[in-house]
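*Asks:* My file is coords18.cif. It has mmCIF, N, CA and C atoms:
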data_work
#
loop_
_atom_site.group_PDB
_atom_site.id
_atom_site.type_symbol
_atom_site.label_atom_id
_atom_site.label_comp_id
_atom_site.auth_asym_id
_atom_site.auth_seq_id
_atom_site.Cartn_x
_atom_site.Cartn_y
_atom_site.Cartn_z
ATOM 1 N N MET E 1 -0.129 20.922 11.191
ATOM 2 C CA MET E 1 -0.185 19.485 10.992
ATOM 3 C C MET E 1 -1.104 19.187 9.813
ATOM 4 N N GLY E 2 -0.693 18.295 8.925
ATOM 5 C CA GLY E 2 -1.471 17.943 7.755
ATOM 6 C C GLY E 2 -2.609 16.994 8.079
ATOM 7 N N HIS E 3 -3.521 16.873 7.153
ATOM 8 C CA HIS E 3 -4.652 15.971 7.332
ATOM 9 C C HIS E 3 -4.230 14.533 7.060
ATOM 10 N N ALA E 4 -4.880 13.619 7.737
ATOM 11 C CA ALA E 4 -4.627 12.202 7.500
ATOM 12 C C ALA E 4 -5.145 11.833 6.109
ATOM 13 N N LYS E 5 -4.495 10.863 5.503
ATOM 14 C CA LYS E 5 -4.919 10.452 4.165
ATOM 15 C C LYS E 5 -5.852 9.263 4.253
ATOM 16 N N THR E 6 -6.698 9.148 3.257
ATOM 17 C CA THR E 6 -7.646 8.057 3.169
ATOM 18 C C THR E 6 -7.574 7.481 1.759
ATOM 19 N N SER E 7 -8.077 6.291 1.571
ATOM 20 C CA SER E 7 -7.953 5.601 0.281
ATOM 21 C C SER E 7 -9.157 5.827 -0.619
ATOM 22 N N TYR E 8 -8.870 5.902 -1.904
ATOM 23 C CA TYR E 8 -9.870 5.987 -2.971
ATOM 24 C C TYR E 8 -9.538 4.900 -3.979
ATOM 25 N N VAL E 9 -10.574 4.331 -4.610
ATOM 26 C CA VAL E 9 -10.384 3.219 -5.537
ATOM 27 C C VAL E 9 -11.080 3.502 -6.859
ATOM 28 N N CYS E 10 -10.433 3.089 -7.956
ATOM 29 C CA CYS E 10 -11.048 3.088 -9.279
ATOM 30 C C CYS E 10 -11.178 1.619 -9.676
ATOM 31 N N LEU E 11 -12.408 1.119 -9.731
ATOM 32 C CA LEU E 11 -12.625 -0.293 -10.052
ATOM 33 C C LEU E 11 -12.264 -0.638 -11.495
ATOM 34 N N PRO E 12 -12.614 0.187 -12.508
ATOM 35 C CA PRO E 12 -12.231 -0.181 -13.884
ATOM 36 C C PRO E 12 -10.717 -0.276 -14.091
ATOM 37 N N CYS E 13 -9.943 0.581 -13.431
ATOM 38 C CA CYS E 13 -8.479 0.559 -13.567
ATOM 39 C C CYS E 13 -7.809 -0.393 -12.584
ATOM 40 N N ARG E 14 -8.571 -0.849 -11.596
ATOM 41 C CA ARG E 14 -8.020 -1.635 -10.491
ATOM 42 C C ARG E 14 -6.861 -0.884 -9.848
ATOM 43 N N ALA E 15 -7.124 0.362 -9.495
ATOM 44 C CA ALA E 15 -6.095 1.217 -8.913
ATOM 45 C C ALA E 15 -6.600 1.825 -7.616
ATOM 46 N N SER E 16 -5.669 2.088 -6.730
ATOM 47 C CA SER E 16 -5.977 2.699 -5.445
ATOM 48 C C SER E 16 -5.013 3.855 -5.225
ATOM 49 N N CYS E 17 -5.496 4.911 -4.588
ATOM 50 C CA CYS E 17 -4.615 6.024 -4.246
ATOM 51 C C CYS E 17 -5.033 6.599 -2.903
ATOM 52 N N LYS E 18 -4.071 7.159 -2.201
ATOM 53 C CA LYS E 18 -4.351 7.794 -0.918
ATOM 54 C C LYS E 18 -4.276 9.299 -1.121
ATOM 55 N N GLN E 19 -5.292 9.983 -0.626
ATOM 56 C CA GLN E 19 -5.354 11.434 -0.713
ATOM 57 C C GLN E 19 -5.948 11.968 0.575
ATOM 58 N N PRO E 20 -5.642 13.222 0.907
ATOM 59 C CA PRO E 20 -6.274 13.800 2.087
ATOM 60 C C PRO E 20 -7.785 13.884 1.870
ATOM 61 N N TYR E 21 -8.547 13.583 2.920
ATOM 62 C CA TYR E 21 -10.002 13.678 2.817
ATOM 63 C C TYR E 21 -10.399 15.128 2.978
ATOM 64 N N ASP E 22 -11.232 15.613 2.079
ATOM 65 C CA ASP E 22 -11.690 16.999 2.104
ATOM 66 C C ASP E 22 -13.208 17.003 1.957
ATOM 67 N N ARG E 23 -13.918 17.438 3.001
ATOM 68 C CA ARG E 23 -15.390 17.465 2.955
ATOM 69 C C ARG E 23 -15.910 18.410 1.884
ATOM 70 N N ASP E 24 -15.136 19.426 1.551
ATOM 71 C CA ASP E 24 -15.570 20.381 0.526
ATOM 72 C C ASP E 24 -15.414 19.822 -0.873
ATOM 73 N N ARG E 25 -14.643 18.755 -1.016
ATOM 74 C CA ARG E 25 -14.424 18.134 -2.329
ATOM 75 C C ARG E 25 -14.607 16.623 -2.201
ATOM 76 N N PRO E 26 -15.873 16.174 -2.009
ATOM 77 C CA PRO E 26 -16.095 14.742 -1.774
ATOM 78 C C PRO E 26 -15.919 13.879 -3.020
ATOM 79 N N HIS E 27 -16.072 14.433 -4.209
ATOM 80 C CA HIS E 27 -15.983 13.634 -5.436
ATOM 81 C C HIS E 27 -14.625 13.822 -6.087
ATOM 82 N N ARG E 28 -13.950 12.718 -6.319
ATOM 83 C CA ARG E 28 -12.632 12.720 -6.971
ATOM 84 C C ARG E 28 -12.717 11.904 -8.244
ATOM 85 N N THR E 29 -11.809 12.166 -9.173
ATOM 86 C CA THR E 29 -11.783 11.397 -10.419
ATOM 87 C C THR E 29 -10.441 10.687 -10.548
ATOM 88 N N CYS E 30 -10.471 9.581 -11.239
ATOM 89 C CA CYS E 30 -9.286 8.765 -11.456
ATOM 90 C C CYS E 30 -8.322 9.505 -12.394
ATOM 91 N N PRO E 31 -7.050 9.579 -12.049
ATOM 92 C CA PRO E 31 -6.093 10.236 -12.939
ATOM 93 C C PRO E 31 -5.844 9.466 -14.238
ATOM 94 N N ARG E 32 -6.186 8.163 -14.274
ATOM 95 C CA ARG E 32 -5.964 7.352 -15.472
ATOM 96 C C ARG E 32 -7.121 7.439 -16.457
ATOM 97 N N CYS E 33 -8.363 7.235 -15.935
ATOM 98 C CA CYS E 33 -9.504 7.112 -16.847
ATOM 99 C C CYS E 33 -10.571 8.186 -16.652
ATOM 100 N N ALA E 34 -10.412 9.039 -15.681
ATOM 101 C CA ALA E 34 -11.334 10.141 -15.372
ATOM 102 C C ALA E 34 -12.699 9.677 -14.872
ATOM 103 N N GLU E 35 -12.830 8.403 -14.490
ATOM 104 C CA GLU E 35 -14.052 7.908 -13.860
ATOM 105 C C GLU E 35 -14.048 8.339 -12.396
ATOM 106 N N PRO E 36 -15.225 8.380 -11.760
ATOM 107 C CA PRO E 36 -15.258 8.757 -10.343
ATOM 108 C C PRO E 36 -14.558 7.716 -9.465
ATOM 109 N N LEU E 37 -13.822 8.198 -8.486
ATOM 110 C CA LEU E 37 -13.184 7.319 -7.505
ATOM 111 C C LEU E 37 -14.170 7.039 -6.383
ATOM 112 N N ILE E 38 -14.036 5.885 -5.752
ATOM 113 C CA ILE E 38 -14.883 5.497 -4.632
ATOM 114 C C ILE E 38 -14.080 5.660 -3.354
ATOM 115 N N HIS E 39 -14.624 6.403 -2.410
ATOM 116 C CA HIS E 39 -13.959 6.585 -1.119
ATOM 117 C C HIS E 39 -14.151 5.308 -0.313
ATOM 118 N N VAL E 40 -13.052 4.612 0.012
ATOM 119 C CA VAL E 40 -13.155 3.326 0.689
ATOM 120 C C VAL E 40 -12.735 3.371 2.153
ATOM 121 N N GLY E 41 -12.052 4.394 2.585
ATOM 122 C CA GLY E 41 -11.680 4.521 3.991
ATOM 123 C C GLY E 41 -10.190 4.380 4.224
ATOM 124 N N SER E 42 -9.777 4.724 5.421
ATOM 125 C CA SER E 42 -8.349 4.771 5.734
ATOM 126 C C SER E 42 -7.761 3.414 6.103
ATOM 127 N N ALA E 43 -8.582 2.412 6.400
ATOM 128 C CA ALA E 43 -8.079 1.091 6.783
ATOM 129 C C ALA E 43 -8.076 0.122 5.599
ATOM 130 N N PHE E 44 -7.998 0.636 4.388
ATOM 131 C CA PHE E 44 -8.073 -0.183 3.184
ATOM 132 C C PHE E 44 -6.682 -0.557 2.691
ATOM 133 N N SER E 45 -6.555 -1.785 2.250
ATOM 134 C CA SER E 45 -5.335 -2.261 1.615
ATOM 135 C C SER E 45 -5.729 -2.888 0.283
ATOM 136 N N ALA E 46 -5.240 -2.327 -0.806
ATOM 137 C CA ALA E 46 -5.641 -2.779 -2.147
ATOM 138 C C ALA E 46 -5.022 -4.130 -2.488
ATOM 139 N N PRO E 47 -5.801 -4.990 -3.161
ATOM 140 C CA PRO E 47 -5.217 -6.249 -3.654
ATOM 141 C C PRO E 47 -4.308 -5.967 -4.848
ATOM 142 N N PRO E 48 -3.447 -6.914 -5.199
ATOM 143 C CA PRO E 48 -2.618 -6.733 -6.392
ATOM 144 C C PRO E 48 -3.493 -6.553 -7.640
ATOM 145 N N ARG E 49 -3.047 -5.746 -8.566
ATOM 146 C CA ARG E 49 -3.824 -5.431 -9.772
ATOM 147 C C ARG E 49 -4.152 -6.679 -10.585
ATOM 148 N N ARG E 50 -3.285 -7.679 -10.588
ATOM 149 C CA ARG E 50 -3.502 -8.896 -11.377
ATOM 150 C C ARG E 50 -4.490 -9.865 -10.752
ATOM 151 N N ASP E 51 -4.835 -9.658 -9.478
ATOM 152 C CA ASP E 51 -5.731 -10.568 -8.759
ATOM 153 C C ASP E 51 -7.188 -10.206 -9.065
ATOM 154 N N THR E 52 -7.695 -10.719 -10.186
ATOM 155 C CA THR E 52 -9.045 -10.345 -10.631
ATOM 156 C C THR E 52 -10.134 -10.824 -9.671
ATOM 157 N N ALA E 53 -9.943 -11.975 -9.038
ATOM 158 C CA ALA E 53 -10.944 -12.477 -8.093
ATOM 159 C C ALA E 53 -11.058 -11.554 -6.884
ATOM 160 N N ALA E 54 -9.932 -11.069 -6.384
ATOM 161 C CA ALA E 54 -9.954 -10.157 -5.238
ATOM 162 C C ALA E 54 -10.622 -8.832 -5.613
ATOM 163 N N TRP E 55 -10.394 -8.349 -6.834
ATOM 164 C CA TRP E 55 -11.036 -7.103 -7.266
ATOM 165 C C TRP E 55 -12.533 -7.308 -7.480
ATOM 166 N N ARG E 56 -12.951 -8.499 -7.938
ATOM 167 C CA ARG E 56 -14.385 -8.796 -8.049
ATOM 168 C C ARG E 56 -15.033 -8.805 -6.669
ATOM 169 N N THR E 57 -14.352 -9.415 -5.706
ATOM 170 C CA THR E 57 -14.842 -9.440 -4.334
ATOM 171 C C THR E 57 -14.954 -8.018 -3.791
ATOM 172 N N LEU E 58 -13.935 -7.216 -4.014
ATOM 173 C CA LEU E 58 -13.955 -5.821 -3.571
ATOM 174 C C LEU E 58 -15.094 -5.053 -4.228
ATOM 175 N N SER E 59 -15.337 -5.301 -5.497
ATOM 176 C CA SER E 59 -16.418 -4.631 -6.212
ATOM 177 C C SER E 59 -17.774 -4.948 -5.594
ATOM 178 N N VAL E 60 -18.008 -6.211 -5.248
ATOM 179 C CA VAL E 60 -19.267 -6.593 -4.604
ATOM 180 C C VAL E 60 -19.416 -5.868 -3.272
ATOM 181 N N LEU E 61 -18.342 -5.836 -2.486
ATOM 182 C CA LEU E 61 -18.395 -5.163 -1.190
ATOM 183 C C LEU E 61 -18.717 -3.677 -1.345
ATOM 184 N N LEU E 62 -18.027 -3.020 -2.258
ATOM 185 C CA LEU E 62 -18.228 -1.579 -2.433
ATOM 186 C C LEU E 62 -19.615 -1.255 -2.970
ATOM 187 N N HIS E 63 -20.114 -2.057 -3.901
ATOM 188 C CA HIS E 63 -21.451 -1.819 -4.434
ATOM 189 C C HIS E 63 -22.549 -2.098 -3.399
ATOM 190 N N ALA E 64 -22.228 -2.906 -2.385
ATOM 191 C CA ALA E 64 -23.179 -3.168 -1.302
ATOM 192 C C ALA E 64 -23.113 -2.087 -0.227
ATOM 193 N N GLY E 65 -22.134 -1.178 -0.349
ATOM 194 C CA GLY E 65 -22.023 -0.093 0.623
ATOM 195 C C GLY E 65 -21.053 -0.364 1.754
ATOM 196 N N VAL E 66 -20.295 -1.447 1.676
ATOM 197 C CA VAL E 66 -19.328 -1.783 2.723
ATOM 198 C C VAL E 66 -18.047 -0.984 2.465
ATOM 199 N N ARG E 67 -17.544 -0.328 3.500
ATOM 200 C CA ARG E 67 -16.316 0.453 3.397
ATOM 201 C C ARG E 67 -15.303 -0.013 4.432
ATOM 202 N N PHE E 68 -14.126 0.570 4.428
ATOM 203 C CA PHE E 68 -13.016 0.137 5.271
ATOM 204 C C PHE E 68 -12.551 1.265 6.183
ATOM 205 N N HIS E 69 -13.463 1.788 6.978
ATOM 206 C CA HIS E 69 -13.126 2.853 7.912
ATOM 207 C C HIS E 69 -12.669 2.239 9.221
ATOM 208 N N LYS E 70 -11.753 2.914 9.895
ATOM 209 C CA LYS E 70 -11.290 2.436 11.195
ATOM 210 C C LYS E 70 -12.399 2.596 12.212
ATOM 211 N N SER E 71 -12.512 1.617 13.095
ATOM 212 C CA SER E 71 -13.482 1.714 14.179
ATOM 213 C C SER E 71 -12.741 2.150 15.437
ATOM 214 N N CYS E 72 -13.453 2.243 16.527
ATOM 215 C CA CYS E 72 -12.830 2.679 17.772
ATOM 216 C C CYS E 72 -11.776 1.697 18.265
ATOM 217 N N CYS E 73 -11.851 0.464 17.833
ATOM 218 C CA CYS E 73 -10.916 -0.564 18.313
ATOM 219 C C CYS E 73 -9.787 -0.849 17.333
ATOM 220 N N GLY E 74 -9.614 -0.039 16.314
ATOM 221 C CA GLY E 74 -8.491 -0.244 15.402
ATOM 222 C C GLY E 74 -8.881 -0.411 13.951
ATOM 223 N N GLY E 75 -9.251 -1.619 13.550
ATOM 224 C CA GLY E 75 -9.492 -1.898 12.146
ATOM 225 C C GLY E 75 -10.950 -1.820 11.751
ATOM 226 N N PRO E 76 -11.236 -2.124 10.503
ATOM 227 C CA PRO E 76 -12.609 -2.016 10.004
ATOM 228 C C PRO E 76 -13.487 -3.206 10.372
ATOM 229 N N GLY E 77 -12.917 -4.236 10.951
ATOM 230 C CA GLY E 77 -13.691 -5.437 11.243
ATOM 231 C C GLY E 77 -13.539 -6.458 10.129
ATOM 232 N N TYR E 78 -14.352 -7.500 10.190
ATOM 233 C CA TYR E 78 -14.265 -8.582 9.214
ATOM 234 C C TYR E 78 -14.765 -8.137 7.846
ATOM 235 N N ARG E 79 -14.059 -8.520 6.797
ATOM 236 C CA ARG E 79 -14.477 -8.329 5.413
ATOM 237 C C ARG E 79 -14.165 -9.616 4.668
ATOM 238 N N PRO E 80 -15.122 -10.149 3.869
ATOM 239 C CA PRO E 80 -14.839 -11.367 3.094
ATOM 240 C C PRO E 80 -13.709 -11.126 2.093
ATOM 241 N N ARG E 81 -12.910 -12.153 1.876
ATOM 242 C CA ARG E 81 -11.778 -12.019 0.961
ATOM 243 C C ARG E 81 -11.941 -12.832 -0.313
ATOM 244 N N THR E 82 -12.922 -13.737 -0.354
ATOM 245 C CA THR E 82 -13.101 -14.568 -1.540
ATOM 246 C C THR E 82 -14.551 -14.513 -2.004
ATOM 247 N N LEU E 83 -14.761 -14.876 -3.262
ATOM 248 C CA LEU E 83 -16.117 -14.930 -3.805
ATOM 249 C C LEU E 83 -16.935 -16.020 -3.126
ATOM 250 N N ARG E 84 -16.280 -17.074 -2.679
ATOM 251 C CA ARG E 84 -16.985 -18.143 -1.958
ATOM 252 C C ARG E 84 -17.570 -17.608 -0.654
ATOM 253 N N GLU E 85 -16.795 -16.831 0.092
ATOM 254 C CA GLU E 85 -17.297 -16.239 1.335
ATOM 255 C C GLU E 85 -18.469 -15.291 1.057
ATOM 256 N N ILE E 86 -18.398 -14.564 -0.041
ATOM 257 C CA ILE E 86 -19.492 -13.662 -0.397
ATOM 258 C C ILE E 86 -20.741 -14.463 -0.746
ATOM 259 N N ARG E 87 -20.589 -15.551 -1.527
ATOM 260 C CA ARG E 87 -21.749 -16.385 -1.870
ATOM 261 C C ARG E 87 -22.409 -16.956 -0.621
ATOM 262 N N GLU E 88 -21.594 -17.413 0.340
ATOM 263 C CA GLU E 88 -22.147 -17.943 1.595
ATOM 264 C C GLU E 88 -22.979 -16.881 2.315
ATOM 265 N N ARG E 89 -22.482 -15.663 2.357
ATOM 266 C CA ARG E 89 -23.183 -14.589 3.047
ATOM 267 C C ARG E 89 -24.416 -14.123 2.278
ATOM 268 N N MET E 90 -24.364 -14.177 0.961
ATOM 269 C CA MET E 90 -25.547 -13.845 0.156
ATOM 270 C C MET E 90 -26.655 -14.864 0.402
ATOM 271 N N THR E 91 -26.295 -16.135 0.441
ATOM 272 C CA THR E 91 -27.268 -17.194 0.715
ATOM 273 C C THR E 91 -27.868 -17.008 2.098
ATOM 274 N N TYR E 92 -27.034 -16.709 3.069
ATOM 275 C CA TYR E 92 -27.510 -16.472 4.433
ATOM 276 C C TYR E 92 -28.471 -15.280 4.472
ATOM 277 N N ALA E 93 -28.127 -14.202 3.778
ATOM 278 C CA ALA E 93 -28.976 -13.004 3.762
ATOM 279 C C ALA E 93 -30.335 -13.311 3.124
ATOM 280 N N ARG E 94 -30.347 -14.061 2.030
ATOM 281 C CA ARG E 94 -31.611 -14.419 1.376
ATOM 282 C C ARG E 94 -32.468 -15.305 2.271
ATOM 283 N N ARG E 95 -31.815 -16.251 2.928
ATOM 284 C CA ARG E 95 -32.525 -17.205 3.768
ATOM 285 C C ARG E 95 -33.124 -16.552 5.017
ATOM 286 N N THR E 96 -32.393 -15.609 5.618
ATOM 287 C CA THR E 96 -32.840 -15.015 6.886
ATOM 288 C C THR E 96 -33.512 -13.667 6.730
ATOM 289 N N GLY E 97 -33.334 -13.010 5.601
ATOM 290 C CA GLY E 97 -33.900 -11.675 5.417
ATOM 291 C C GLY E 97 -33.026 -10.569 5.982
ATOM 292 N N GLU E 98 -31.826 -10.919 6.430
ATOM 293 C CA GLU E 98 -30.897 -9.901 6.940
ATOM 294 C C GLU E 98 -30.414 -9.034 5.775
ATOM 295 N N PRO E 99 -30.238 -7.732 5.987
ATOM 296 C CA PRO E 99 -29.733 -6.880 4.897
ATOM 297 C C PRO E 99 -28.386 -7.394 4.382
ATOM 298 N N PHE E 100 -28.213 -7.304 3.078
ATOM 299 C CA PHE E 100 -27.033 -7.850 2.412
ATOM 300 C C PHE E 100 -25.742 -7.251 2.973
ATOM 301 N N ALA E 101 -25.685 -5.935 3.167
ATOM 302 C CA ALA E 101 -24.473 -5.281 3.667
ATOM 303 C C ALA E 101 -24.119 -5.776 5.065
ATOM 304 N N ARG E 102 -25.105 -6.015 5.892
ATOM 305 C CA ARG E 102 -24.834 -6.497 7.246
ATOM 306 C C ARG E 102 -24.368 -7.949 7.215
ATOM 307 N N ALA E 103 -24.942 -8.754 6.337
ATOM 308 C CA ALA E 103 -24.529 -10.155 6.229
ATOM 309 C C ALA E 103 -23.097 -10.265 5.719
ATOM 310 N N LEU E 104 -22.679 -9.337 4.856
ATOM 311 C CA LEU E 104 -21.322 -9.388 4.312
ATOM 312 C C LEU E 104 -20.262 -9.178 5.382
ATOM 313 N N VAL E 105 -20.540 -8.405 6.404
ATOM 314 C CA VAL E 105 -19.528 -8.113 7.419
ATOM 315 C C VAL E 105 -19.601 -9.025 8.628
ATOM 316 N N ARG E 106 -20.501 -10.030 8.570
ATOM 317 C CA ARG E 106 -20.559 -11.034 9.646
ATOM 318 C C ARG E 106 -19.316 -11.905 9.610
ATOM 319 N N HIS E 107 -18.713 -12.108 10.768
ATOM 320 C CA HIS E 107 -17.537 -12.975 10.810
ATOM 321 C C HIS E 107 -17.928 -14.432 10.611
ATOM 322 N N ASP E 108 -18.948 -14.875 11.317
ATOM 323 C CA ASP E 108 -19.399 -16.263 11.210
ATOM 324 C C ASP E 108 -20.810 -16.299 10.661
ATOM 325 N N VAL E 109 -21.030 -17.173 9.714
ATOM 326 C CA VAL E 109 -22.375 -17.383 9.174
ATOM 327 C C VAL E 109 -22.887 -18.694 9.736
ATOM 328 N N PRO E 110 -24.004 -18.636 10.492
ATOM 329 C CA PRO E 110 -24.530 -19.880 11.088
ATOM 330 C C PRO E 110 -25.029 -20.870 10.056
#
Step by step, read the file and then write its structure as structure tokens.
*Replies:*
Amino acid sequence: MGHAKTSYVCLPCRASCKQPYDRDRPHRTCPRCAEPLIHVGSAFSAPPRRDTAAWRTLSVLLHAGVRFHKSCCGGPGYRPRTLREIRERMTYARRTGEPFARALVRHDVP
């Protein structure tokens, strides 16, 4: 039986690819630009390449350390989809002192 595939993303190319995860080879490079790919997890669905706002949102999430791995209950949980949702969570994190990565995955911001 083959290994399950997981998603990797190249932010400069706005490209996503699925490859088998290999612990012995954790670093992959983009076939287009040879930049390092970011391992995003198996529950990831890439936005359309032309949707620059969605890729900006994804970039903020990935740089904050948020990934899209499946949890025990199915999906990765809540992830913001717009820059407005990210700004709301950034403001909440600054105001309360909650870590930025944890504030980003909150479903509701009080």
*Asks:* Identify, with DSSP run on backbone atoms, the residues in segment 21-91 of chain E assigned to alpha helix (DSSP H), and express the list as a list of chain:residue names.
*Replies:*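 These are the residues in question: E:Thr52, E:Ala53, E:Ala54, E:Trp55, E:Arg56, E:Thr57, E:Leu58, E:Ser59, E:Val60, E:Leu61, E:Leu62, E:His63, E:Leu83, E:Arg84, E:Glu85, E:Ile86, E:Arg87, E:Glu88, E:Arg89, E:Met90, E:Thr91.
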*Asks:* Here's a test: counting only N, CA and C atoms, identify every protein, DNA and RNA residue with an atom at most 8 Å from (-9.8, -1.7, 2.7) in the file's coordinate frame, and state them as a list in words.
*Replies:*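 In the file's frame, the residues around the point are Ser7, Val40, Gly41, Ser42, Ala43, Phe44, Ser45, Ala46, Pro47, Arg67, Phe68, His69 and Pro76 of chain E.
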*Asks:* Expand the PyMOL selection byres (((chain E and resi 58 and name CA) around 9) and name CA) into the individual residues it matches in the shown file, reporting them as a list of chain:residue names.
*Replies:*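 Listing what the PyMOL selection byres (((chain E and resi 58 and name CA) around 9) and name CA) selects in the shown file: E:Leu11, E:Ala46, E:Pro47, E:Ala53, E:Ala54, E:Trp55, E:Arg56, E:Thr57, E:Ser59, E:Val60, E:Leu61, E:Leu62, E:His63, E:Pro80, E:Arg81.
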*Asks:* Considering only C-alpha atoms, state which residue in the set E:Val109, E:Pro31, E:Asp51, E:Arg79 is at the smallest distance from Ala93 of chain E.
*Replies:*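 Among E:Val109, E:Pro31, E:Asp51, E:Arg79, it is E:Val109 that comes nearest to Ala93 of chain E.
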*Asks:* From the options E:Tyr78, E:Ile38, E:Pro48, E:Lys70, which residue's atoms come nearest to Arg14 of chain E, counting only C-alpha atoms?
*Replies:*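 Checking each of E:Tyr78, E:Ile38, E:Pro48, E:Lys70 against Arg14 of chain E, counting only C-alpha atoms, the winner is E:Pro48.
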*Asks:* Which value, in Å to one decimal, gives the distance between atom N of Leu37 of chain E and atom CA of Glu88 of chain E?
*Replies:* 29.2 Å
*Asks:* Render segment 34-104 of chain E from the structure in the preceding block as a file of C-alpha atoms, as a compact mmCIF listing (two decimals), in the first residue's frame.
*Replies:*
# COMPACT_ATOMS: atom_id res chain seq x y z
CA ALA E 34 13.45 25.96 -7.18
CA GLU E 35 12.42 27.82 -4.00
CA PRO E 36 11.66 25.71 -0.91
CA LEU E 37 8.12 24.35 -0.69
CA ILE E 38 6.12 24.74 2.53
CA HIS E 39 4.50 21.61 3.93
CA VAL E 40 0.89 22.66 4.61
CA GLY E 41 -0.81 19.36 5.45
CA SER E 42 -3.21 16.89 3.92
CA ALA E 43 -6.43 18.88 4.56
CA PHE E 44 -5.33 21.82 2.39
CA SER E 45 -7.22 23.13 -0.61
CA ALA E 46 -5.36 25.73 -2.69
CA PRO E 47 -7.11 28.94 -3.76
CA PRO E 48 -7.20 29.80 -7.47
CA ARG E 49 -3.88 31.22 -8.70
CA ARG E 50 -5.52 34.51 -9.76
CA ASP E 51 -7.01 35.14 -6.30
CA THR E 52 -4.23 37.34 -4.89
CA ALA E 53 -6.16 38.22 -1.71
CA ALA E 54 -6.62 34.54 -0.84
CA TRP E 55 -2.90 33.88 -1.42
CA ARG E 56 -2.00 36.87 0.80
CA THR E 57 -4.25 35.44 3.51
CA LEU E 58 -2.63 32.03 3.09
CA SER E 59 0.82 33.61 3.30
CA VAL E 60 -0.02 35.26 6.63
CA LEU E 61 -1.33 31.97 8.00
CA LEU E 62 1.71 29.98 6.90
CA HIS E 63 4.20 32.55 8.18
CA ALA E 64 2.41 32.46 11.56
CA GLY E 65 2.89 28.69 11.68
CA VAL E 66 -0.72 27.68 10.98
CA ARG E 67 -1.02 24.48 8.92
CA PHE E 68 -3.86 22.36 7.53
CA HIS E 69 -3.40 18.95 9.11
CA LYS E 70 -6.37 16.69 9.74
CA SER E 71 -7.43 16.41 13.35
CA CYS E 72 -9.06 13.44 15.02
CA CYS E 73 -12.49 14.75 14.04
CA GLY E 74 -11.85 15.19 10.32
CA GLY E 75 -10.72 18.61 9.17
CA PRO E 76 -8.12 21.12 10.27
CA GLY E 77 -10.60 23.35 12.08
CA TYR E 78 -11.36 27.00 11.44
CA ARG E 79 -9.01 29.03 9.22
CA PRO E 80 -9.64 32.69 8.23
CA ARG E 81 -10.40 33.15 4.55
CA THR E 82 -10.13 36.93 4.17
CA LEU E 83 -7.67 39.65 5.13
CA ARG E 84 -10.46 41.30 7.14
CA GLU E 85 -10.81 38.19 9.33
CA ILE E 86 -7.04 38.15 9.82
CA ARG E 87 -7.00 41.85 10.82
CA GLU E 88 -9.76 41.20 13.37
CA ARG E 89 -7.77 38.35 14.90
CA MET E 90 -4.53 40.36 14.90
CA THR E 91 -6.29 43.17 16.78
CA TYR E 92 -7.71 40.66 19.24
CA ALA E 93 -4.27 39.08 19.78
CA ARG E 94 -2.65 42.49 20.43
CA ARG E 95 -5.42 43.54 22.78
CA THR E 96 -5.48 40.32 24.85
CA GLY E 97 -1.88 39.13 24.58
CA GLU E 98 -2.96 35.80 23.08
CA PRO E 99 -0.35 34.28 20.74
CA PHE E 100 -0.95 35.31 17.13
CA ALA E 101 -1.13 31.73 15.77
CA ARG E 102 -3.74 30.76 18.35
CA ALA E 103 -5.83 33.87 17.68
CA LEU E 104 -5.81 33.12 13.94
